[in-house]
Structures are given as C-alpha cells and as structure tokens.
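Okay, structure first, notes after.
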Amino acid sequence: MSLDSLAQHVRQRQDTDPPSEVDAGSARERFIRAARLPRSASRARPVAIGAAAVLVAAAAGVWLWIGHRGSFAPSYEIAGGRGQIGVELAPTTATPIRFSDGSKVDLDSNARMRVASLDARGAHLVLESGRARFDLAGADADRWTVQAGDFEVHGVGASKFELSFLVPAEEIDLAVHDGHVELLGSCVEKRSVAAPAHVHVTCAKETTHAEPTRSTTAPSDLRVVEVVPKPLVIARPSWRALAAQSRWSEALAEAIAGDFDHECDTGSAADLLSLGDVARLAHDAPHARHAYDSLRARFPGDPSASVASFSLGKLAFDEDHAYGEAGRAFDAYLREQPHGALARDALARSMEAHLRAGDRDTARSLAQRYLDEYPGGPQQDVARGIVAK
Amino acid sequence: MSGSSASARVLPFRGARSHDEDAEILAAAAGGERERAAALLFDRYGEHVRRILHRILGASDEVQDARQVALLRVLDRLSRVESGAELRGFVSSVSAFVAREHLRSKKRRGWLHLFAPEDVPEHGAPEHDDEGLEAVRAVYSVLDQLDTDDRIAFCMRVIDGMELTEVAAACEVSLATVKRRIAHAQERFLVHAQKQPALTTWVRATGDSP
C-alpha cells in the first residue's frame with residue numbers, strides 16, 4: 001500500500017461515482033441555461049449577501065476580540081470595508097490597502113498578494129507575484145514581514161519600499177526609497193538594505209545583471225547586485241518584471257526588443273529557463289527552443305538544463321506533434337534526473353511519445369518501467385494497456 | 001469505435017489535445033454566440049473541471065455547484081484568453097481558484113458551527129459500512145486539516161496525477177513553490193493520516209515523493 005495506491009483508489013471512487021444525482025445531460029442544460037442569463041446572478045441573492053455581511057461582521061468581531069488581546073492588532077481595509085485574512089488581494093480590489101497602524105500597500109496591475117496573518121505577533125503578507133509598494137509606518141513596523149517565494153523582507157522602522165517577485169525564476173527586485181529593511185531568504189543571509197538602494201536577488205549561480213556596480217559578500221552561489229543610488233524610475237518594464245505579472249507575450253516582446261540572442265548567450269541558467277518558459281507560455285516555440293537549447297548547451301549538468309529538456313519534449317509533443325523528438329527529450333530528462341521531480345511525468349510522456357512515434361518496443365519497455373517504479377501512478381492503466389499489447 | 005486505430009485508442013493523456021476546439025470556443029464567444037460557446041465549453045471542459053474540483057473538494061454534492069460557478073466564470077472571461085492554446089491552462093487555473101474560494105468559505109462556515117449542534121452528518125454519508133468509501137472520506141477529513149493552497153497543489157498532483165508544470169500553472173506559482181507546497185502537504189497528510197484508522201494500511205511506510 002502506498003500514497004499512490006490511495007490516490008488511485010480515490011480517483012476510482014470519484015470517477016465511478018457521479019458527483020450527485022444530477023446526470024451529465026441535465027448538468028449541461030443547467031449550465032447553458034445559466035449562461036443565457038445576464039451575468040448578474042449575485043443581484044438575486046440579497047439573503048446570501050445579508051448572511052455574508054453578518055458572517056463578516058461576526059468574524060470581524062471575533063477577530064477584533066482576539067486581536068486586541070495583544071499590543072499590536074492592526075486591521076486593514078479594502079474599498080471601505082474590513083479586509084479578511086488569507087483572501088487573495090488583486091489590484092481590482094481598490095488599492096491602496098490601508099492598515100489601521102497607518103501603513104499602506106499599493107499593488108501593481110496583475111500583482112497578487114494576501115494577508116497571511118495579522119495578529120499580536122505581527123503582520124505577515126505574502127506577495128504571490130508581481131510588484132507592490134509598501135509604506136510601513138508607526139512604531140510597529142518591525143513586526144511586518146513580506147514574503148515573496150523563499151525570500152522575506154522584514155520591516156525595521158518606518159520605511160518605503162517596492163518589491164517585485166518574478167515567479168518563474170524565483171527572483172526578487174527590492175527598491176528601498178526611505179528608511180531601511182532587512183532581507184533574507186533560503187540562499188541569502190539576513191542583511192540590511194538601506195535607502196536609497198535597489199537590490200535584485202536570485203539564487204542562480206551566475207549574474208547577468210546589466211549594470212552591476214558592486215557585489216556584496218553574499219555566498220558564492222548567490223547573485224546579489226546593487227545599483228545604488230539610482231532612483232527607481234522605470235520607463236519600460238523589463239521582460240522579467242512583465243513575466244512576474246504573467247504577461248507572457250509582452251515579456252517575450254520586451255526580451256526580443258532587448259537582445260534575445262545576447263540574453264541566451266550570456267544569461268544564467270535560471271534566466272534561460274525563465275526566458276524559455278516565457279516564450280513557451282507566449283506560444284512562441286522557436287524562441288522557447290532557442291532559450292532551452294542555449295541552456296542545455298551552456299549549462300550541461302545543471303538541473304535546470306534537465307527541466308529545459310522536459311520542456312523541449314512538451315513543445316515537440318504538444319506543439320509540433322513530433323513524437324520521436326519528444327520521446328528523446330523526455331528520455332534525456334530521465335537519464336539526467338532519474339529521480340527528479342518531473343521523472344514520473346517524463347516517463348509517462350515518454351512512453352506515450354514513443355508509442356505515437358511507432359516505437360512500440362520502447363514504449364512497452366517504458367510502460368513496464370512505469371509500472372515498476374510507480375505502481376499506483378495516475379497513468380498505470382495506460383501503462384498496463386501498452387504492456388498488454 | 002472499432003474503426004479507431006490502435007494509436008488513436010491510446011491517447012488518454014491530457015496534454016495532447018488539438019487546440020482547434022479551443023479556438024472554436026473562443027471564436028464563438030468573441031462572435032457573441034454565448035450559448036454556443038457555453039455548450040462547447042461544457043462539452044470540452046465540463047469533465048476536466050469536474051475532475052479537478054472533485055479531487056480538491058472531495059464531497060460530491062459540492063462539486064456540481066462549484067463546477068457551474070467555475071464554468072460560468074471561464075465563460076465570462078474568455079475574452080482574456082489570447083489563443084486556444086491557453087484555454088486549458090486558464091480553465092484549470094479558474095477551477096483551482098473556485099476550489100480555493102469554496103474551501104475558504106467552508107472554513108468560515110465551519111467556524112460558525114462552533115455554535116451549531118455537533119456532529120451533523122454530511123449529506124451523502126454512507127449508511128452502510130464501506131471500507132473503500134470510508135478511506136475516501138478519511139482522506140478528505142485529513143485534507144481539511146491542511147493549508148488551502150497546499151491542499152490544492154497536493155490534490156492536483158498526488159490525487160489527480162497532473163503534471164507538476166500543469167499544477168504550477170493552474171496555481172499560478174513557480175515550479176519551486178508548487179513543489180514546496182506539495183512536499184509540505186504530503187508531510188502533513190502522512191502525519192494526520194496515521195491517526196485515521198481507515199487510512200493506516202494505505203499510508204504505512206510510504207516513500208512517495210512529490
């Protein structure tokens with residue numbers, strides 16, 4: 001018995017048990033009927049809204065009761081109403097977000113953030129992606145923490161700073177305009193960053209920053225480049241910043257308008273993987289391939305080169321339907337990272353790619369391997385089918 | 001389907017679909033054919049959305065309504081999808097978001113239950129002893145104890161078996177973040193599962209990795 005077997009059991013139960021007595025046909029009719037209506041379904045639910053208001057008020061009351069037991073108990077407001085803990089905030093929810101201690105947070109378009117906790121221990125905000133501006137005020141600024149991926153920015157005193165988080169590459173860009181903050185992360189020791197400063201941090205092994213002025217004394221595998229003092233006037237967002245906002249097509253256009261080839265020739269492994277992902281998600285297969293191929297050629301042996309191989313396989317499979325090529329790419333991943341995080345996916349993809357390419361012997365062998373290594377895996381039925389043929 | 005070729009019959013994987021049908025959905029929506037777009041959307045993604053929501057939410061009586069919400073939201077936002085190739089990822093992402101909303105709403109309701117009679121049996125609870133069903137219910141009882149974002153990533157990856165890259169895209173986070181969420185969820189799941197009699201034989205000495 002294993003977790004895979006348990007997952008398979010759950011899948012089987014759910015897929016053989018229809019979700020309620022409503023059959024697929026009537027569910028379809030119900031959906032199409034609802035689609036015909038003007039999109040104002042919520043207006044017909046005053047009771048629900050009232051109940052929600054009572055719920056929010058009750059929750060706020062309990063929250064206040066709990067919060068006021070400590071000396072630090074800020075609340076926050078969005079669009080005139082009390083904000084909730086854990087709810088994802090997007091720029092569409094009128095910003096800036098105002099906290100009762102006088103602090104403010106302003107989100108860029110497409111930025112995503114949530115207030116993970118707000119209690120006597122402090123304020124913990126999570127920047128999921130994009131850029132946000134923070135204005136920490138008051139004597140309790142040192143209880144503020146902003147998390148972005150594996151990085152954390154801690155308030156020290158009153159300060160103003162901007163933080164952007166590039167999700168695909170796990171990079172942060174921190175510009176401190178006033179006061180100072182502390183920065184730390186999984187690959188960076190705690191360090192103080194005082195205004196005016198602009199810090200770009202990733203855990204990649206090499207640096208490609210355009211205008212490095214001086215490096216810090218951070219660990220050797222850390223890229224920390226400071227550009228100081230430089231006012232943060234960004235006329236044009238970089239492809240990285242656009243990618244952080246999931247604006248793939250714009251990010252790719254910006255990368256091409258810069259010098260895509262140069263980026264491929266000089267970028268770090270993390271940059272190239274990110275660039276390839278941007279192009280792939282923008283559905284520009286040639287540029288994606290260029291970036292991934294550059295990564296594999298320049299950083300053989302790097303784990304991200306193996307991920308690039310997996311992505312090349314997906315491109316060949318999904319975009320070009322070049323199954324032989326896809327199979328070779330997935331196989332390369334499996335050779336390089338036989339126990340990597342994508343190994344199960346690569347094995348499943350590879351057996352299908354080889355089957356589609358007409359190489360039944362290889363497909364059968366891979367299917368048997370899949371069954372041996374992942375006996376309860378989600379594609380086990382497919383693998384069994386291939387082996388049985 | 002006796003006429004299908006052997007290779008055509010083994011096309012069960014989810015990533016290899018043609019984008020033509022997706023483009024047709026977008027074209028119908030862009031052309032003002034909302035009802036047709038809705039029908040096409042349901043035919044193409046109704047089961048996909050059901051599967052994601054079912055894996056995450058568990059309780060089957062909640063899935064139908066959540067699917068309706070998710071599909072309507074997708075339908076309303078089709079203009080944001082630039083090409084057919086993006087539609088599947090968009091649908092997955094909206095489904096994950098709706099599941100998140102649903103779970104958070106449920107947690108708030110759970111808080112209110114502090115003042116309600118205890119141990120109200122769930123709708124659809126089995127009336128007979130069924131070990132298999134008990135195991136499924138125990139799985140979701142354990143999942144209820146996990147962080148919502150961790151649970152979503154775990155369910156999509158471990159329960160459903162979606163590719164990691166697909167899970168990351170649906171959750172709109174990096175591969176590293178989604179791996180971290182899954183690992184964290186799995187660790188906590190196994191700890192809590194050991195306390196569930198219906199699960200002890202399933203999770204004993206498991207060495208699965210995300």
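Ligands are numbered from 1 in the order shown, chains are lettered A, B, ... in the order of the structure tokens, and residues start at 1 in each chain.
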With chain B as the partner and 7 Å as the cut-off, tabulate the residues of chain A that qualify, each row holding the nearest pair of atoms and their distance in Å to one decimal, using only C-alpha atoms, sorted by chain and rising number, as JSON lines.
{"residue": "A:Met1", "atom": "CA", "partner": "B:Trp202", "partner_atom": "CA", "distance": 4.8}
{"residue": "A:Ser2", "atom": "CA", "partner": "B:Thr206", "partner_atom": "CA", "distance": 5.1}
{"residue": "A:Leu3", "atom": "CA", "partner": "B:Val203", "partner_atom": "CA", "distance": 5.7}
{"residue": "A:Leu6", "atom": "CA", "partner": "B:Trp202", "partner_atom": "CA", "distance": 6.0}
{"residue": "A:Ala7", "atom": "CA", "partner": "B:Ile159", "partner_atom": "CA", "distance": 4.6}
{"residue": "A:Val10", "atom": "CA", "partner": "B:Val136", "partner_atom": "CA", "distance": 5.8}
{"residue": "A:Arg11", "atom": "CA", "partner": "B:Asp160", "partner_atom": "CA", "distance": 6.8}
{"residue": "A:Pro19", "atom": "CA", "partner": "B:Ser60", "partner_atom": "CA", "distance": 4.4}
{"residue": "A:Ser20", "atom": "CA", "partner": "B:Asp61", "partner_atom": "CA", "distance": 5.3}
{"residue": "A:Arg28", "atom": "CA", "partner": "B:Phe42", "partner_atom": "CA", "distance": 6.5}
{"residue": "A:Phe31", "atom": "CA", "partner": "B:Gln68", "partner_atom": "CA", "distance": 6.1}
{"residue": "A:Ile32", "atom": "CA", "partner": "B:Ala38", "partner_atom": "CA", "distance": 5.8}
{"residue": "A:Ala35", "atom": "CA", "partner": "B:Glu35", "partner_atom": "CA", "distance": 6.4}
{"residue": "A:Arg36", "atom": "CA", "partner": "B:Glu35", "partner_atom": "CA", "distance": 6.2}
{"residue": "A:Gly149", "atom": "CA", "partner": "B:Thr177", "partner_atom": "CA", "distance": 6.7}
{"residue": "A:Val167", "atom": "CA", "partner": "B:Ser174", "partner_atom": "CA", "distance": 5.2}
{"residue": "A:Pro168", "atom": "CA", "partner": "B:Ser174", "partner_atom": "CA", "distance": 4.9}
{"residue": "A:Asp318", "atom": "CA", "partner": "B:Ala16", "partner_atom": "CA", "distance": 5.3}
{"residue": "A:Ala341", "atom": "CA", "partner": "B:Pro210", "partner_atom": "CA", "distance": 6.6}
{"residue": "A:Leu342", "atom": "CA", "partner": "B:Leu164", "partner_atom": "CA", "distance": 6.8}
{"residue": "A:Asp345", "atom": "CA", "partner": "B:Glu163", "partner_atom": "CA", "distance": 5.9}
{"residue": "A:Arg356", "atom": "CA", "partner": "B:Ser7", "partner_atom": "CA", "distance": 6.2}
{"residue": "A:Pro378", "atom": "CA", "partner": "B:Gly161", "partner_atom": "CA", "distance": 5.1}
Could you dump the residues just selected with N, CA and C atoms as a tab-separated table (two decimals), in the first residue's frame?
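Final file, selection-v2.tsv:
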chain	number	residue	atom	x	y	z
A	1	MET	N	0.84	-1.20	0.00
A	1	MET	CA	0.00	0.00	0.00
A	1	MET	C	0.88	1.25	0.00
A	2	SER	N	0.45	2.25	-0.69
A	2	SER	CA	1.23	3.48	-0.74
A	2	SER	C	0.29	4.64	-0.99
A	3	LEU	N	0.88	5.81	-0.92
A	3	LEU	CA	0.09	7.00	-1.20
A	3	LEU	C	-0.44	6.98	-2.63
A	6	LEU	N	-3.42	4.81	-2.68
A	6	LEU	CA	-4.55	5.50	-2.05
A	6	LEU	C	-5.14	6.53	-3.02
A	7	ALA	N	-4.24	7.26	-3.70
A	7	ALA	CA	-4.71	8.27	-4.66
A	7	ALA	C	-5.49	7.60	-5.78
A	10	VAL	N	-8.91	6.78	-4.58
A	10	VAL	CA	-9.77	7.97	-4.54
A	10	VAL	C	-10.26	8.30	-5.94
A	11	ARG	N	-9.33	8.28	-6.89
A	11	ARG	CA	-9.71	8.59	-8.28
A	11	ARG	C	-10.79	7.65	-8.78
A	19	PRO	N	-20.82	12.92	-9.53
A	19	PRO	CA	-20.94	13.93	-8.48
A	19	PRO	C	-22.38	14.34	-8.27
A	20	SER	N	-23.15	13.59	-7.61
A	20	SER	CA	-24.56	13.83	-7.24
A	20	SER	C	-25.48	13.13	-8.21
A	28	ARG	N	-25.40	19.82	-18.05
A	28	ARG	CA	-25.08	20.62	-19.24
A	28	ARG	C	-26.20	21.62	-19.52
A	31	PHE	N	-26.18	24.43	-17.05
A	31	PHE	CA	-25.10	25.39	-17.31
A	31	PHE	C	-25.46	26.31	-18.48
A	32	ILE	N	-25.96	25.72	-19.54
A	32	ILE	CA	-26.28	26.53	-20.72
A	32	ILE	C	-27.42	27.50	-20.39
A	35	ALA	N	-25.97	30.25	-18.53
A	35	ALA	CA	-25.14	31.09	-19.40
A	35	ALA	C	-26.00	32.08	-20.19
A	36	ARG	N	-27.25	31.72	-20.42
A	36	ARG	CA	-28.13	32.62	-21.17
A	36	ARG	C	-28.46	33.87	-20.37
A	149	GLY	N	8.03	34.17	-2.29
A	149	GLY	CA	8.71	32.90	-2.54
A	149	GLY	C	9.54	32.53	-1.31
A	167	VAL	N	8.00	35.14	-10.56
A	167	VAL	CA	7.69	33.78	-10.13
A	167	VAL	C	8.52	32.70	-10.83
A	168	PRO	N	8.59	32.70	-12.17
A	168	PRO	CA	9.25	31.56	-12.80
A	168	PRO	C	10.70	31.39	-12.36
A	318	ASP	N	3.38	18.64	-27.77
A	318	ASP	CA	2.12	19.39	-27.81
A	318	ASP	C	2.00	20.32	-29.01
A	341	ALA	N	12.05	15.62	-9.83
A	341	ALA	CA	10.64	15.90	-9.52
A	341	ALA	C	9.73	15.65	-10.72
A	342	LEU	N	10.29	15.73	-11.93
A	342	LEU	CA	9.48	15.54	-13.12
A	342	LEU	C	9.62	14.14	-13.71
A	345	ASP	N	6.40	12.26	-14.60
A	345	ASP	CA	5.75	12.87	-15.75
A	345	ASP	C	6.54	12.56	-17.03
A	356	ARG	N	3.32	6.79	-29.96
A	356	ARG	CA	2.80	7.57	-31.08
A	356	ARG	C	3.79	7.62	-32.23
A	378	PRO	N	-0.76	7.67	-11.69
A	378	PRO	CA	-2.01	8.04	-12.37
A	378	PRO	C	-2.13	7.48	-13.79
Seminar exercise, completed: In terms of only C-alpha atoms, the residue from A:Ala279, A:Ser238, A:Ala291, A:Arg247 at minimal distance from Asp265 (chain A) is A:Ala291
For this session: Fewer than 5 positions away in the same chain doesn't count, so skip those; otherwise give me all residues within 9 Å of Asp331 (chain A), counting only C-alpha atoms, as a VMD selection string.
Result: chain A and resid 309 to 310 313 326 336 346 to 347 350
Just-selected residues, C-alpha atoms written as a PDB file, in the first residue's frame:
ATOM      1  CA  SER A 309      14.832  19.101 -21.802  1.00  0.00           C
ATOM      2  CA  PHE A 310      11.449  18.206 -20.343  1.00  0.00           C
ATOM      3  CA  GLY A 313       9.780  17.477 -25.010  1.00  0.00           C
ATOM      4  CA  ALA A 326       9.596  14.473 -27.833  1.00  0.00           C
ATOM      5  CA  GLU A 336      19.868  13.109 -16.253  1.00  0.00           C
ATOM      6  CA  ALA A 346       8.697  12.393 -18.120  1.00  0.00           C
ATOM      7  CA  LEU A 347       8.320   8.620 -18.017  1.00  0.00           C
ATOM      8  CA  SER A 350       7.939   9.324 -22.975  1.00  0.00           C
TER       9      SER A 350
END
Exercise. Using only C-alpha atoms, which residues sit within 10 Å of Gly385 (chain A) once same-chain residues fewer than 5 positions away are excluded, as a ChimeraX atom specification?
Worked result: /A:364,367,379-380 /B:10
For this session: Skip region 139-147 of chain A itself and residues of its chain fewer than 2 positions away, then list as a list in words all residues within 7 Å of it, counting only C-alpha atoms.
Result: Gly122, Ala123, His124, Leu125, Val126, Leu127, Leu136, Ala137, Gly149, Phe151, Glu152, Val153, His154, Gly155, Val156, Gly157 and Ala158 of chain A
Would you mind exporting the chosen residues as a CSV table (one decimal), in the first residue's frame, restricted to N, CA, C and O atoms?
chain,number,residue,atom,x,y,z
A,122,GLY,N,2.4,40.0,14.7
A,122,GLY,CA,2.8,40.9,13.6
A,122,GLY,C,2.0,40.7,12.4
A,122,GLY,O,1.0,40.0,12.4
A,123,ALA,N,2.4,41.4,11.4
A,123,ALA,CA,1.7,41.3,10.1
A,123,ALA,C,2.6,40.5,9.1
A,123,ALA,O,3.7,40.7,9.0
A,124,HIS,N,1.9,39.5,8.5
A,124,HIS,CA,2.6,38.6,7.5
A,124,HIS,C,1.9,38.7,6.2
A,124,HIS,O,0.8,38.2,6.1
A,125,LEU,N,2.6,39.3,5.3
A,125,LEU,CA,2.0,39.5,3.9
A,125,LEU,C,2.7,38.5,3.0
A,125,LEU,O,3.9,38.4,3.1
A,126,VAL,N,2.0,38.0,2.0
A,126,VAL,CA,2.6,37.1,1.0
A,126,VAL,C,2.4,37.7,-0.3
A,126,VAL,O,1.3,37.8,-0.8
A,127,LEU,N,3.5,38.1,-1.0
A,127,LEU,CA,3.4,38.6,-2.4
A,127,LEU,C,3.6,37.4,-3.3
A,127,LEU,O,4.6,36.8,-3.4
A,136,LEU,N,5.5,51.4,5.2
A,136,LEU,CA,5.3,51.0,6.6
A,136,LEU,C,5.5,52.2,7.6
A,136,LEU,O,6.4,52.9,7.5
A,137,ALA,N,4.5,52.3,8.4
A,137,ALA,CA,4.5,53.5,9.3
A,137,ALA,C,4.4,53.0,10.7
A,137,ALA,O,4.0,51.9,11.0
A,149,GLY,N,8.0,34.2,-2.3
A,149,GLY,CA,8.7,32.9,-2.5
A,149,GLY,C,9.5,32.5,-1.3
A,149,GLY,O,9.0,32.5,-0.2
A,151,PHE,N,12.0,34.3,-0.2
A,151,PHE,CA,12.6,35.5,0.4
A,151,PHE,C,11.6,36.2,1.4
A,151,PHE,O,10.4,36.0,1.2
A,152,GLU,N,12.2,36.9,2.3
A,152,GLU,CA,11.4,37.6,3.2
A,152,GLU,C,12.0,39.0,3.4
A,152,GLU,O,13.3,39.2,3.5
A,153,VAL,N,11.2,40.0,3.5
A,153,VAL,CA,11.6,41.4,3.8
A,153,VAL,C,11.0,41.7,5.1
A,153,VAL,O,9.8,41.6,5.3
A,154,HIS,N,11.8,42.1,6.0
A,154,HIS,CA,11.3,42.5,7.4
A,154,HIS,C,11.4,44.0,7.6
A,154,HIS,O,12.4,44.6,7.2
A,155,GLY,N,10.3,44.5,8.1
A,155,GLY,CA,10.4,45.9,8.4
A,155,GLY,C,11.3,46.1,9.6
A,155,GLY,O,11.5,45.3,10.5
A,156,VAL,N,11.9,47.3,9.7
A,156,VAL,CA,12.8,47.6,10.8
A,156,VAL,C,12.2,48.9,11.5
A,156,VAL,O,12.0,48.9,12.7
A,157,GLY,N,11.9,49.9,10.7
A,157,GLY,CA,11.3,51.1,11.2
A,157,GLY,C,10.4,51.6,10.1
A,157,GLY,O,10.2,50.9,9.1
A,158,ALA,N,10.0,52.8,10.2
A,158,ALA,CA,9.2,53.4,9.1
A,158,ALA,C,10.0,53.3,7.9
A,158,ALA,O,11.2,53.7,7.8
Exercise. What does the distance from CA of Gly377 (chain A) to CA of Gln12 (chain A) come to in Å, to one decimal?
Worked result: 12.4 Å
Problem set entry | Contacts of Arg280 (chain A) at 10 Å (only C-alpha atoms; same-chain gap of 5+ positions) as a PyMOL selection string | chain A and resi 248-249+252+274-275+285-289+291-292+311-312+314-315+319
Would you output that residue set with C-alpha atoms, as a CSV table (one decimal), in the first residue's frame?
chain,number,residue,atom,x,y,z
A,248,TRP,CA,4.0,36.4,-21.3
A,249,SER,CA,3.5,37.9,-24.7
A,252,LEU,CA,8.7,38.0,-24.7
A,274,SER,CA,12.8,31.6,-17.3
A,275,LEU,CA,13.2,33.0,-20.7
A,285,ALA,CA,8.0,27.7,-29.8
A,286,PRO,CA,11.1,28.9,-31.8
A,287,HIS,CA,12.2,31.3,-29.2
A,288,ALA,CA,11.4,28.9,-26.4
A,289,ARG,CA,13.5,26.3,-28.1
A,291,ALA,CA,16.4,29.6,-24.9
A,292,TYR,CA,16.1,26.0,-23.8
A,311,SER,CA,10.0,21.5,-21.7
A,312,LEU,CA,11.5,20.8,-25.1
A,314,LYS,CA,6.5,19.2,-24.2
A,315,LEU,CA,7.0,21.6,-27.1
A,319,GLU,CA,3.0,22.0,-30.4
